Every structure is written in structure tokens, then in C-alpha cells.
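Coordinates from start-v6.pdb are shown below (PDB, C-alpha atoms, pLDDT in the B column).
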ATOM      1  CA  MET Y   1      60.337  55.736  -8.240  1.00 73.00           C
ATOM      2  CA  ARG Y   2      59.294  58.330  -5.656  1.00 82.00           C
ATOM      3  CA  SER Y   3      61.584  59.214  -2.773  1.00 91.00           C
ATOM      4  CA  ASP Y   4      60.643  58.668   0.865  1.00 92.00           C
ATOM      5  CA  VAL Y   5      60.713  62.437   1.379  1.00 94.00           C
ATOM      6  CA  GLN Y   6      58.178  62.967  -1.433  1.00 93.00           C
ATOM      7  CA  ILE Y   7      55.873  60.261  -0.074  1.00 92.00           C
ATOM      8  CA  GLN Y   8      56.085  61.657   3.449  1.00 93.00           C
ATOM      9  CA  SER Y   9      55.360  65.192   2.235  1.00 94.00           C
ATOM     10  CA  ASP Y  10      52.344  64.091   0.179  1.00 93.00           C
ATOM     11  CA  LEU Y  11      50.923  61.959   2.972  1.00 93.00           C
ATOM     12  CA  MET Y  12      51.246  64.759   5.529  1.00 93.00           C
ATOM     13  CA  ALA Y  13      49.457  67.061   3.073  1.00 94.00           C
ATOM     14  CA  GLU Y  14      46.682  64.496   2.604  1.00 92.00           C
ATOM     15  CA  LEU Y  15      46.236  64.093   6.358  1.00 92.00           C
ATOM     16  CA  LYS Y  16      45.987  67.885   6.651  1.00 92.00           C
ATOM     17  CA  TRP Y  17      43.493  67.978   3.763  1.00 92.00           C
ATOM     18  CA  GLU Y  18      41.214  65.418   5.464  1.00 91.00           C
ATOM     19  CA  PRO Y  19      38.867  67.528   7.668  1.00 91.00           C
ATOM     20  CA  SER Y  20      37.999  64.684  10.061  1.00 90.00           C
ATOM     21  CA  LEU Y  21      41.630  64.265  11.168  1.00 91.00           C
ATOM     22  CA  ASP Y  22      43.948  66.267  13.397  1.00 88.00           C
ATOM     23  CA  GLU Y  23      47.141  65.973  11.385  1.00 82.00           C
ATOM     24  CA  ASP Y  24      49.220  67.284  14.302  1.00 87.00           C
ATOM     25  CA  ALA Y  25      48.342  64.157  16.312  1.00 91.00           C
ATOM     26  CA  ILE Y  26      49.711  61.769  13.669  1.00 95.00           C
ATOM     27  CA  GLN Y  27      53.414  61.274  12.951  1.00 95.00           C
ATOM     28  CA  VAL Y  28      54.459  59.930   9.569  1.00 95.00           C
ATOM     29  CA  PHE Y  29      57.655  57.943   8.957  1.00 95.00           C
ATOM     30  CA  VAL Y  30      58.670  56.513   5.586  1.00 94.00           C
ATOM     31  CA  LYS Y  31      61.490  54.141   4.728  1.00 93.00           C
ATOM     32  CA  ASP Y  32      61.857  52.451   1.331  1.00 91.00           C
ATOM     33  CA  GLY Y  33      58.210  53.253   0.556  1.00 89.00           C
ATOM     34  CA  VAL Y  34      56.918  51.628   3.755  1.00 91.00           C
ATOM     35  CA  VAL Y  35      54.866  54.071   5.826  1.00 93.00           C
ATOM     36  CA  THR Y  36      54.519  53.994   9.611  1.00 95.00           C
ATOM     37  CA  LEU Y  37      51.766  56.004  11.287  1.00 96.00           C
ATOM     38  CA  ASN Y  38      52.333  56.844  14.927  1.00 96.00           C
ATOM     39  CA  GLY Y  39      50.461  58.847  17.530  1.00 95.00           C
ATOM     40  CA  GLN Y  40      47.039  58.982  19.169  1.00 94.00           C
ATOM     41  CA  VAL Y  41      43.563  59.604  17.771  1.00 94.00           C
ATOM     42  CA  PRO Y  42      40.323  60.177  19.708  1.00 94.00           C
ATOM     43  CA  SER Y  43      38.203  57.566  17.872  1.00 94.00           C
ATOM     44  CA  TYR Y  44      38.544  54.321  15.961  1.00 94.00           C
ATOM     45  CA  ILE Y  45      36.939  55.801  12.841  1.00 93.00           C
ATOM     46  CA  GLN Y  46      39.713  58.422  12.702  1.00 94.00           C
ATOM     47  CA  LYS Y  47      42.295  55.643  12.853  1.00 94.00           C
ATOM     48  CA  TRP Y  48      40.454  53.891  10.023  1.00 92.00           C
ATOM     49  CA  ILE Y  49      40.379  57.081   7.928  1.00 92.00           C
ATOM     50  CA  ALA Y  50      44.088  57.714   8.530  1.00 93.00           C
ATOM     51  CA  GLU Y  51      44.913  54.194   7.330  1.00 91.00           C
ATOM     52  CA  ARG Y  52      42.864  54.597   4.139  1.00 88.00           C
ATOM     53  CA  THR Y  53      44.352  58.018   3.516  1.00 90.00           C
ATOM     54  CA  ALA Y  54      47.882  56.620   3.749  1.00 90.00           C
ATOM     55  CA  LEU Y  55      47.117  53.720   1.416  1.00 86.00           C
ATOM     56  CA  GLY Y  56      45.770  56.170  -1.163  1.00 83.00           C
ATOM     57  CA  VAL Y  57      49.013  58.124  -1.510  1.00 87.00           C
ATOM     58  CA  PHE Y  58      50.978  57.375  -4.663  1.00 83.00           C
ATOM     59  CA  GLY Y  59      54.220  55.501  -3.992  1.00 84.00           C
ATOM     60  CA  VAL Y  60      53.197  53.834  -0.719  1.00 87.00           C
ATOM     61  CA  LYS Y  61      54.231  50.175  -0.856  1.00 84.00           C
ATOM     62  CA  ALA Y  62      53.115  49.039   2.587  1.00 86.00           C
ATOM     63  CA  LEU Y  63      51.683  50.439   5.793  1.00 91.00           C
ATOM     64  CA  THR Y  64      52.437  49.872   9.464  1.00 93.00           C
ATOM     65  CA  VAL Y  65      49.934  51.352  11.908  1.00 94.00           C
ATOM     66  CA  GLN Y  66      51.028  52.185  15.440  1.00 94.00           C
ATOM     67  CA  LEU Y  67      48.206  54.612  16.131  1.00 94.00           C
ATOM     68  CA  THR Y  68      46.398  54.178  19.439  1.00 94.00           C
ATOM     69  CA  VAL Y  69      42.809  55.184  20.149  1.00 94.00           C
ATOM     70  CA  ASN Y  70      42.614  57.432  23.212  1.00 93.00           C
ATOM     71  CA  LEU Y  71      38.915  58.076  23.804  1.00 93.00           C
ATOM     72  CA  PRO Y  72      37.895  61.372  25.425  1.00 92.00           C
ATOM     73  CA  GLN Y  73      35.802  60.860  28.548  1.00 92.00           C
ATOM     74  CA  SER Y  74      32.671  62.008  26.715  1.00 91.00           C
ATOM     75  CA  SER Y  75      33.032  59.110  24.242  1.00 90.00           C
ATOM     76  CA  VAL Y  76      33.618  56.317  26.757  1.00 93.00           C
ATOM     77  CA  ARG Y  77      30.837  53.701  26.820  1.00 95.00           C
ATOM     78  CA  SER Y  78      30.475  50.425  28.673  1.00 96.00           C
ATOM     79  CA  ASP Y  79      30.904  47.216  26.688  1.00 97.00           C
ATOM     80  CA  ALA Y  80      27.224  46.418  27.268  1.00 97.00           C
ATOM     81  CA  ASP Y  81      26.160  49.784  25.851  1.00 97.00           C
ATOM     82  CA  ILE Y  82      28.416  49.353  22.804  1.00 97.00           C
ATOM     83  CA  ALA Y  83      27.071  45.835  22.187  1.00 96.00           C
ATOM     84  CA  ARG Y  84      23.446  46.986  22.386  1.00 96.00           C
ATOM     85  CA  LEU Y  85      24.116  49.948  20.104  1.00 96.00           C
ATOM     86  CA  ALA Y  86      26.022  47.754  17.629  1.00 96.00           C
ATOM     87  CA  GLN Y  87      23.144  45.289  17.349  1.00 95.00           C
ATOM     88  CA  SER Y  88      20.677  48.136  16.962  1.00 96.00           C
ATOM     89  CA  VAL Y  89      22.510  49.983  14.167  1.00 96.00           C
ATOM     90  CA  LEU Y  90      23.105  46.759  12.237  1.00 95.00           C
ATOM     91  CA  SER Y  91      19.389  45.948  12.381  1.00 95.00           C
ATOM     92  CA  TRP Y  92      18.630  49.400  10.892  1.00 95.00           C
ATOM     93  CA  ASN Y  93      21.078  48.994   7.998  1.00 93.00           C
ATOM     94  CA  SER Y  94      19.237  47.528   5.013  1.00 92.00           C
ATOM     95  CA  LEU Y  95      22.500  46.267   3.480  1.00 91.00           C
ATOM     96  CA  VAL Y  96      23.366  44.097   6.477  1.00 94.00           C
ATOM     97  CA  PRO Y  97      21.794  40.664   7.199  1.00 92.00           C
ATOM     98  CA  ASP Y  98      22.134  41.233  10.951  1.00 92.00           C
ATOM     99  CA  GLU Y  99      20.424  37.958  11.884  1.00 93.00           C
ATOM    100  CA  ARG Y 100      23.512  36.108  10.607  1.00 92.00           C
ATOM    101  CA  LEU Y 101      26.015  38.141  12.609  1.00 96.00           C
ATOM    102  CA  LYS Y 102      27.239  38.056  16.206  1.00 96.00           C
ATOM    103  CA  ILE Y 103      28.822  40.846  18.224  1.00 96.00           C
ATOM    104  CA  MET Y 104      31.322  40.556  21.064  1.00 97.00           C
ATOM    105  CA  VAL Y 105      32.762  43.599  22.871  1.00 97.00           C
ATOM    106  CA  GLU Y 106      35.729  43.630  25.233  1.00 96.00           C
ATOM    107  CA  ASN Y 107      37.257  46.876  26.524  1.00 95.00           C
ATOM    108  CA  GLY Y 108      35.619  48.756  23.672  1.00 95.00           C
ATOM    109  CA  TRP Y 109      37.005  46.381  21.041  1.00 96.00           C
ATOM    110  CA  ILE Y 110      34.321  44.868  18.806  1.00 97.00           C
ATOM    111  CA  THR Y 111      34.652  41.405  17.285  1.00 97.00           C
ATOM    112  CA  ILE Y 112      32.052  40.695  14.627  1.00 97.00           C
ATOM    113  CA  SER Y 113      31.560  37.158  13.309  1.00 96.00           C
ATOM    114  CA  GLY Y 114      29.058  35.196  11.267  1.00 95.00           C
ATOM    115  CA  GLU Y 115      28.287  34.553   7.618  1.00 92.00           C
ATOM    116  CA  VAL Y 116      27.046  36.700   4.743  1.00 91.00           C
ATOM    117  CA  GLN Y 117      26.757  36.010   1.029  1.00 87.00           C
ATOM    118  CA  TRP Y 118      28.363  39.134  -0.386  1.00 85.00           C
ATOM    119  CA  ASP Y 119      31.412  41.255   0.370  1.00 84.00           C
ATOM    120  CA  PHE Y 120      29.340  44.472   0.226  1.00 88.00           C
ATOM    121  CA  GLU Y 121      27.296  43.154   3.171  1.00 92.00           C
ATOM    122  CA  LYS Y 122      30.489  42.487   5.103  1.00 91.00           C
ATOM    123  CA  ARG Y 123      31.915  45.935   4.333  1.00 90.00           C
ATOM    124  CA  ALA Y 124      28.641  47.640   5.272  1.00 93.00           C
ATOM    125  CA  ALA Y 125      28.619  45.930   8.673  1.00 95.00           C
ATOM    126  CA  VAL Y 126      32.241  46.817   9.424  1.00 94.00           C
ATOM    127  CA  LYS Y 127      31.866  50.446   8.305  1.00 92.00           C
ATOM    128  CA  THR Y 128      28.690  50.871  10.367  1.00 94.00           C
ATOM    129  CA  LEU Y 129      30.340  49.630  13.555  1.00 96.00           C
ATOM    130  CA  SER Y 130      33.596  51.547  13.040  1.00 93.00           C
ATOM    131  CA  SER Y 131      32.008  54.934  13.698  1.00 91.00           C
ATOM    132  CA  LEU Y 132      30.206  54.099  16.956  1.00 94.00           C
ATOM    133  CA  PHE Y 133      30.987  56.005  20.155  1.00 92.00           C
ATOM    134  CA  GLY Y 134      33.276  54.127  22.527  1.00 95.00           C
ATOM    135  CA  VAL Y 135      34.812  51.753  19.955  1.00 96.00           C
ATOM    136  CA  THR Y 136      38.581  51.320  20.357  1.00 95.00           C
ATOM    137  CA  GLY Y 137      39.118  48.693  17.646  1.00 95.00           C
ATOM    138  CA  LEU Y 138      37.411  46.129  15.454  1.00 96.00           C
ATOM    139  CA  THR Y 139      38.164  42.555  14.412  1.00 96.00           C
ATOM    140  CA  ASP Y 140      36.313  41.259  11.358  1.00 95.00           C
ATOM    141  CA  LEU Y 141      35.692  37.486  11.417  1.00 95.00           C
ATOM    142  CA  ILE Y 142      32.805  37.495   8.932  1.00 94.00           C
ATOM    143  CA  HIS Y 143      32.920  34.701   6.323  1.00 89.00           C
ATOM    144  CA  LEU Y 144      31.469  34.804   2.829  1.00 84.00           C
ATOM    145  CA  THR Y 145      29.305  31.825   1.890  1.00 83.00           C
ATOM    146  CA  ARG Y 146      28.156  32.461  -1.673  1.00 72.00           C
ATOM    147  CA  LYS Y 147      29.783  29.999  -4.066  1.00 68.00           C
ATOM    148  CA  PRO Y 148      30.882  30.737  -7.650  1.00 59.00           C
ATOM    149  CA  ARG Y 149      29.234  28.932 -10.554  1.00 61.00           C
ATOM    150  CA  SER Y 150      32.578  27.453 -11.590  1.00 66.00           C
ATOM    151  CA  PRO Y 151      36.267  28.407 -11.390  1.00 64.00           C
ATOM    152  CA  LEU Y 152      36.366  29.313 -15.095  1.00 67.00           C
ATOM    153  CA  ALA Y 153      33.166  31.365 -14.861  1.00 74.00           C
ATOM    154  CA  LEU Y 154      34.510  33.297 -11.870  1.00 77.00           C
ATOM    155  CA  LYS Y 155      37.733  34.293 -13.626  1.00 81.00           C
ATOM    156  CA  THR Y 156      35.845  35.114 -16.840  1.00 83.00           C
ATOM    157  CA  ASP Y 157      33.243  37.197 -15.016  1.00 84.00           C
ATOM    158  CA  ILE Y 158      35.885  39.292 -13.224  1.00 86.00           C
ATOM    159  CA  GLU Y 159      37.813  39.919 -16.444  1.00 85.00           C
ATOM    160  CA  ALA Y 160      34.598  40.975 -18.199  1.00 86.00           C
ATOM    161  CA  ALA Y 161      33.708  43.338 -15.333  1.00 85.00           C
ATOM    162  CA  LEU Y 162      37.175  44.919 -15.511  1.00 85.00           C
ATOM    163  CA  ARG Y 163      36.698  45.552 -19.223  1.00 83.00           C
ATOM    164  CA  ARG Y 164      33.273  47.100 -18.659  1.00 83.00           C
ATOM    165  CA  SER Y 165      34.590  49.435 -15.978  1.00 77.00           C
ATOM    166  CA  GLY Y 166      37.650  50.715 -17.760  1.00 68.00           C
ATOM    167  CA  GLY Y 167      37.695  49.650 -21.386  1.00 59.00           C
ATOM    168  CA  ASP Y 168      41.328  49.995 -22.416  1.00 57.00           C
ATOM    169  CA  ALA Y 169      42.247  51.393 -18.995  1.00 55.00           C
ATOM    170  CA  HIS Y 170      42.815  47.909 -17.562  1.00 57.00           C
ATOM    171  CA  PRO Y 171      44.701  46.074 -20.336  1.00 61.00           C
ATOM    172  CA  HIS Y 172      47.505  44.945 -18.036  1.00 79.00           C
ATOM    173  CA  ILE Y 173      45.557  43.372 -15.169  1.00 86.00           C
ATOM    174  CA  ASP Y 174      45.910  39.605 -14.876  1.00 88.00           C
ATOM    175  CA  VAL Y 175      43.337  37.619 -12.911  1.00 89.00           C
ATOM    176  CA  ILE Y 176      44.582  34.402 -11.312  1.00 87.00           C
ATOM    177  CA  GLN Y 177      42.217  32.124  -9.422  1.00 85.00           C
ATOM    178  CA  GLU Y 178      43.091  29.444  -6.875  1.00 83.00           C
ATOM    179  CA  GLY Y 179      39.885  28.109  -5.363  1.00 77.00           C
ATOM    180  CA  ASP Y 180      38.068  31.027  -3.738  1.00 78.00           C
ATOM    181  CA  CYS Y 181      41.199  33.241  -3.794  1.00 85.00           C
ATOM    182  CA  ILE Y 182      41.682  35.831  -6.556  1.00 88.00           C
ATOM    183  CA  THR Y 183      45.094  37.362  -7.236  1.00 91.00           C
ATOM    184  CA  LEU Y 184      45.314  40.557  -9.267  1.00 92.00           C
ATOM    185  CA  SER Y 185      48.648  41.381 -10.864  1.00 89.00           C
ATOM    186  CA  GLY Y 186      49.868  43.776 -13.503  1.00 87.00           C
ATOM    187  CA  THR Y 187      49.917  47.558 -13.822  1.00 84.00           C
ATOM    188  CA  VAL Y 188      47.383  50.336 -13.242  1.00 82.00           C
ATOM    189  CA  HIS Y 189      47.710  54.089 -13.666  1.00 75.00           C
ATOM    190  CA  ASN Y 190      46.815  55.191 -10.130  1.00 73.00           C
ATOM    191  CA  ASP Y 191      45.429  54.104  -6.777  1.00 74.00           C
ATOM    192  CA  PHE Y 192      41.844  54.823  -7.880  1.00 76.00           C
ATOM    193  CA  GLU Y 193      42.127  52.189 -10.629  1.00 81.00           C
ATOM    194  CA  ARG Y 194      43.783  49.822  -8.161  1.00 83.00           C
ATOM    195  CA  SER Y 195      40.939  50.202  -5.655  1.00 83.00           C
ATOM    196  CA  MET Y 196      38.336  49.828  -8.389  1.00 85.00           C
ATOM    197  CA  ALA Y 197      39.922  46.595  -9.617  1.00 88.00           C
ATOM    198  CA  LYS Y 198      39.863  45.138  -6.098  1.00 88.00           C
ATOM    199  CA  ARG Y 199      36.232  46.146  -5.572  1.00 86.00           C
ATOM    200  CA  ILE Y 200      35.287  44.469  -8.850  1.00 88.00           C
ATOM    201  CA  ALA Y 201      37.018  41.241  -7.799  1.00 88.00           C
ATOM    202  CA  TRP Y 202      35.252  41.286  -4.431  1.00 86.00           C
ATOM    203  CA  ARG Y 203      31.858  41.576  -6.134  1.00 82.00           C
ATOM    204  CA  ALA Y 204      32.209  38.153  -7.731  1.00 81.00           C
ATOM    205  CA  PRO Y 205      30.194  35.467  -5.900  1.00 77.00           C
ATOM    206  CA  GLY Y 206      32.237  33.078  -3.777  1.00 74.00           C
ATOM    207  CA  VAL Y 207      35.428  35.160  -3.506  1.00 81.00           C
ATOM    208  CA  GLN Y 208      36.918  34.821  -0.018  1.00 79.00           C
ATOM    209  CA  THR Y 209      40.278  36.519  -0.570  1.00 84.00           C
ATOM    210  CA  VAL Y 210      41.627  39.137  -2.980  1.00 88.00           C
ATOM    211  CA  VAL Y 211      45.422  39.354  -3.159  1.00 89.00           C
ATOM    212  CA  ASP Y 212      46.702  42.649  -4.545  1.00 88.00           C
ATOM    213  CA  HIS Y 213      49.922  42.397  -6.561  1.00 86.00           C
ATOM    214  CA  LEU Y 214      49.052  45.388  -8.726  1.00 86.00           C
ATOM    215  CA  GLN Y 215      51.730  47.958  -9.437  1.00 81.00           C
ATOM    216  CA  ILE Y 216      51.178  51.649 -10.165  1.00 75.00           C
ATOM    217  CA  GLY Y 217      53.021  52.903 -13.191  1.00 68.00           C
TER     218      GLY Y 217
END

Whole structure given in C-alpha cells:
Amino acid sequence: MRSDVQIQSDLMAELKWEPSLDEDAIQVFVKDGVVTLNGQVPSYIQKWIAERTALGVFGVKALTVQLTVNLPQSSVRSDADIARLAQSVLSWNSLVPDERLKIMVENGWITISGEVQWDFEKRAAVKTLSSLFGVTGLTDLIHLTRKPRSPLALKTDIEAALRRSGGDAHPHIDVIQEGDCITLSGTVHNDFERSMAKRIAWRAPGVQTVVDHLQIG
């Protein structure tokens, strides 16, 4: 069990190590392994990076984000400009079926909705929009439509993929399926293995939700 002081120290070091972030603009508070990020950042993508950085620190149990996006004047764009740019960049991304997606922008906040077949298409769309000038936030309402062959095949396929990726590195991961929801439980060695296990589960056709109950140990 790592102390709150150790987690806070490591996270502050990671924020400093990340070249795209101004670590002085972000305050880190930790209590019982729950991290709170506070402060202001000049773009939504920096907020996104700070969140992912915090989740990657060993010992973090949960994350509360109170960061606000304070755009510099040079980055401010009208909602119409952001919407046009968003549609344009999605159409140029070969991983994104942009004809199935809809964009709404209000006060710089993008809401993206629609349907895609695969989680990688959904993630590509969200990541593409997150780095646009003028974006203050993003809500992802994209649904996955691809259906699994059968409940048993879905569970079996995920377990086989975990074995292929790690061999004996993932002997303690249990895969539980309830409809289109996959729950991963058990123990992994580090956050890299945890993230890999979740990515593998998301790759299975028909998965709508992945619940992470994995422990690091």
C-alpha cells in the first residue's frame, strides 16, 4: 500500500516529466489514494493528458478532475468555426466513419454522437476532436453497434486474446460477461498491463461497456 504522500510526489514528477503540460498550473491533492487535480490549463487536450497521466501513476485508486480550460485569446474560435473544423478533420481521418457521426458545439464544448462498429473508431474520433483549437470540453455519445457472435464466444475470444498478449503475465484476470458489458477483475503487475487488458476487451465485437475491477499488485 502506497502512502498519499508517495502518490502525490510521483504524480507531480510525472506532470513535470510530460513536456506538453505546465506542471505549475496544476495542483495535486491525494486522500486515501483518490487524486484531485485542480487548476487551469490553456487547452482541452492538456486537460485530457493530465487526466491520463494521473491515472497512469501506481497507487491511484480514483480520480476527480476540477481542472478548467482557460483558452488564450489566440485559441478562441466561434462555435461555427469549431463545428466546421471538426467535420473536416473527421472526414480526413481514415479510421473514422464520419458519415455516421454528428457534431454539436456550444460555447466551445463539442458533443459527438452517432454509431460506429468498433471502439477504435470511437476512440479515433474523440482523440481527433480533443486537440482542436477552441475546444473547451467534449462529451462522447457515440454508440457501438457491432454485435458479438454469442455470449460464450465473446468471453472465450477475450480470454484467448489476453493469453496471446501476455502468456503467463495475465493468469489472474477474470472475464465476466453480462450482455454487452465486460467486467475485468483480478490482479495485474502494473498500469501498463491494466490498460492493455482493457484495450483487448474493447476490441471484441459488440462490447458496449468495460468495467475495470483490476487491482495492481

> In Å, with one decimal, what is the gap from atom CA of Leu138 of chain Y to atom CA of Met104 of chain Y?
Replying inline: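 Separating atom CA of Leu138 of chain Y from atom CA of Met104 of chain Y is a distance of 10.0 Å.
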
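Closest approach to Arg84 of chain Y among Y:Ser195, Y:Val210, Y:Lys102, Y:Gln40 is made by Y:Lys102 (distances from all atoms listed in the file).
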
>> I need the output of the PyMOL selection byres ((chain Y and resi 187-190) around 8) for this file as a PyMOL selection string; which residues are they?
In response: chain Y and resi 58+169-170+172-173+185-186+191-194+214-217

>> Here is a test: counting only C-alpha atoms, which residue of Y:Val96, Y:Asn70, Y:Phe133, Y:Glu121 is nearest to Ile82 of chain Y?
In response: Y:Phe133

>> Once the PyMOL selection byres ((chain Y and resi 46) around 10) has been evaluated on this model, what residues remain selected, and can you format them as an MDAnalysis selection string?
In response: chainID Y and resid 20:22 40:45 47:52 67 69 130:131

>> So the first atom is atom CA of Arg146 of chain Y and the second is atom CA of Ile110 of chain Y; what is the distance between them in Å, to one decimal place?
In response: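 Separation between atom CA of Arg146 of chain Y and atom CA of Ile110 of chain Y: 24.7 Å.
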
>> Please determine, counting only C-alpha atoms, which residue among Y:Trp109, Y:Trp118, Y:Trp17, Y:Trp92 has the shortest atom-to-atom distance to Thr136 of chain Y.
In response: Y:Trp109

> So which residues are close to (28.6, 45.9, 10.3), meaning at most 10 Å away in the file's coordinates with all atoms listed in the file counted, and can you show them as a list of chain:residue names?
Replying inline: Y:Ala86, Y:Gln87, Y:Val89, Y:Leu90, Y:Ser91, Y:Asn93, Y:Leu95, Y:Val96, Y:Pro97, Y:Asp98, Y:Leu101, Y:Lys102, Y:Ile103, Y:Ile112, Y:Ser113, Y:Glu121, Y:Lys122, Y:Arg123, Y:Ala124, Y:Ala125, Y:Val126, Y:Lys127, Y:Thr128, Y:Leu129, Y:Ser130, Y:Asp140, Y:Ile142

>> From (35.6, 58.6, 27.1), in the file's coordinates, out to 10 Å: which residues are reached, counting only C-alpha atoms? Answer as a PyMOL selection string.
In response: chain Y and resi 42-43+70-78+133-135

I'd like to see the residues matched by the PyMOL selection byres ((chain Y and resi 5) around 12) on this file, and ideally I'd get them as a short mmCIF file (atom, residue, chain, number, x, y, z; two decimals) with C-alpha atoms, keeping the file's coordinate frame.
data_model
loop_
_atom_site.label_atom_id
_atom_site.label_comp_id
_atom_site.auth_asym_id
_atom_site.auth_seq_id
_atom_site.Cartn_x
_atom_site.Cartn_y
_atom_site.Cartn_z
CA MET Y 1 60.34 55.74 -8.24
CA ARG Y 2 59.29 58.33 -5.66
CA SER Y 3 61.58 59.21 -2.77
CA ASP Y 4 60.64 58.67 0.86
CA GLN Y 6 58.18 62.97 -1.43
CA ILE Y 7 55.87 60.26 -0.07
CA GLN Y 8 56.08 61.66 3.45
CA SER Y 9 55.36 65.19 2.24
CA ASP Y 10 52.34 64.09 0.18
CA LEU Y 11 50.92 61.96 2.97
CA MET Y 12 51.25 64.76 5.53
CA VAL Y 28 54.46 59.93 9.57
CA PHE Y 29 57.66 57.94 8.96
CA VAL Y 30 58.67 56.51 5.59
CA LYS Y 31 61.49 54.14 4.73
CA ASP Y 32 61.86 52.45 1.33
CA GLY Y 33 58.21 53.25 0.56
CA VAL Y 34 56.92 51.63 3.76
CA VAL Y 35 54.87 54.07 5.83
CA GLY Y 59 54.22 55.50 -3.99
CA VAL Y 60 53.20 53.83 -0.72
#

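Compared by their closest atoms to Leu154 of chain Y, and using all atoms listed in the file, the residues Y:Leu132, Y:Leu55, Y:Ile26, Y:Val207 rank with Y:Val207 nearest.
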
>> Using only C-alpha atoms for the distances, tell me which of Y:Pro19, Y:Asn38, Y:Ser88, Y:Ala80 is nearest to Thr64 of chain Y.
In response: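 Closest candidate: Y:Asn38.
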
> How many Å separate atom CA of Leu144 of chain Y from atom CA of Leu63 of chain Y?
Replying inline: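 Here the two named atoms are 25.7 Å from each other.
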
How big is the axis-aligned box around all listed atoms of segment 104-111 of chain Y once 3 Å goes on each side, and where's its centre, in Å to one decimal, as JSON?
{"center_x": 34.3, "center_y": 44.7, "center_z": 21.9, "size_x": 11.9, "size_y": 14.2, "size_z": 15.2}

> Pick from Y:Ala83, Y:Glu14, Y:Asp212, Y:Trp202: nearest to Asp174 of chain Y, with all atoms listed in the file counted?
Replying inline: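 Selected residue with least distance to Asp174 of chain Y: Y:Asp212.
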
Selected segment 20-36 of chain Y, written as a short mmCIF file (atom, residue, chain, number, x, y, z; two decimals), in the first residue's frame, N, CA and C atoms:
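Written file, selection.cif:
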data_model
loop_
_atom_site.label_atom_id
_atom_site.label_comp_id
_atom_site.auth_asym_id
_atom_site.auth_seq_id
_atom_site.Cartn_x
_atom_site.Cartn_y
_atom_site.Cartn_z
N SER Y 20 4.20 18.49 -22.60
CA SER Y 20 3.07 19.28 -23.09
C SER Y 20 2.31 19.97 -21.97
N LEU Y 21 2.70 19.74 -20.71
CA LEU Y 21 1.97 20.30 -19.58
C LEU Y 21 2.82 21.32 -18.82
N ASP Y 22 2.15 22.31 -18.26
CA ASP Y 22 2.78 23.24 -17.32
C ASP Y 22 2.41 22.76 -15.92
N GLU Y 23 3.33 22.04 -15.30
CA GLU Y 23 3.02 21.42 -14.01
C GLU Y 23 2.71 22.45 -12.93
N ASP Y 24 3.21 23.68 -13.08
CA ASP Y 24 2.95 24.71 -12.08
C ASP Y 24 1.49 25.16 -12.08
N ALA Y 25 0.77 24.90 -13.17
CA ALA Y 25 -0.63 25.32 -13.28
C ALA Y 25 -1.59 24.28 -12.71
N ILE Y 26 -1.07 23.12 -12.31
CA ILE Y 26 -1.93 22.02 -11.86
C ILE Y 26 -1.59 21.68 -10.41
N GLN Y 27 -2.59 21.74 -9.54
CA GLN Y 27 -2.41 21.34 -8.14
C GLN Y 27 -2.90 19.90 -7.95
N VAL Y 28 -2.15 19.17 -7.16
CA VAL Y 28 -2.44 17.76 -6.93
C VAL Y 28 -2.75 17.53 -5.45
N PHE Y 29 -3.92 16.94 -5.18
CA PHE Y 29 -4.30 16.58 -3.82
C PHE Y 29 -4.62 15.08 -3.80
N VAL Y 30 -4.18 14.40 -2.75
CA VAL Y 30 -4.41 12.97 -2.64
C VAL Y 30 -4.92 12.64 -1.24
N LYS Y 31 -6.00 11.88 -1.18
CA LYS Y 31 -6.50 11.39 0.10
C LYS Y 31 -7.01 9.97 -0.08
N ASP Y 32 -6.42 9.05 0.67
CA ASP Y 32 -6.79 7.63 0.62
C ASP Y 32 -6.70 7.08 -0.80
N GLY Y 33 -5.69 7.54 -1.56
CA GLY Y 33 -5.47 7.05 -2.91
C GLY Y 33 -6.32 7.70 -3.97
N VAL Y 34 -7.22 8.60 -3.57
CA VAL Y 34 -8.08 9.32 -4.52
C VAL Y 34 -7.43 10.66 -4.85
N VAL Y 35 -7.16 10.88 -6.12
CA VAL Y 35 -6.45 12.07 -6.58
C VAL Y 35 -7.44 13.13 -7.05
N THR Y 36 -7.19 14.37 -6.68
CA THR Y 36 -7.93 15.51 -7.21
C THR Y 36 -6.96 16.43 -7.93
#
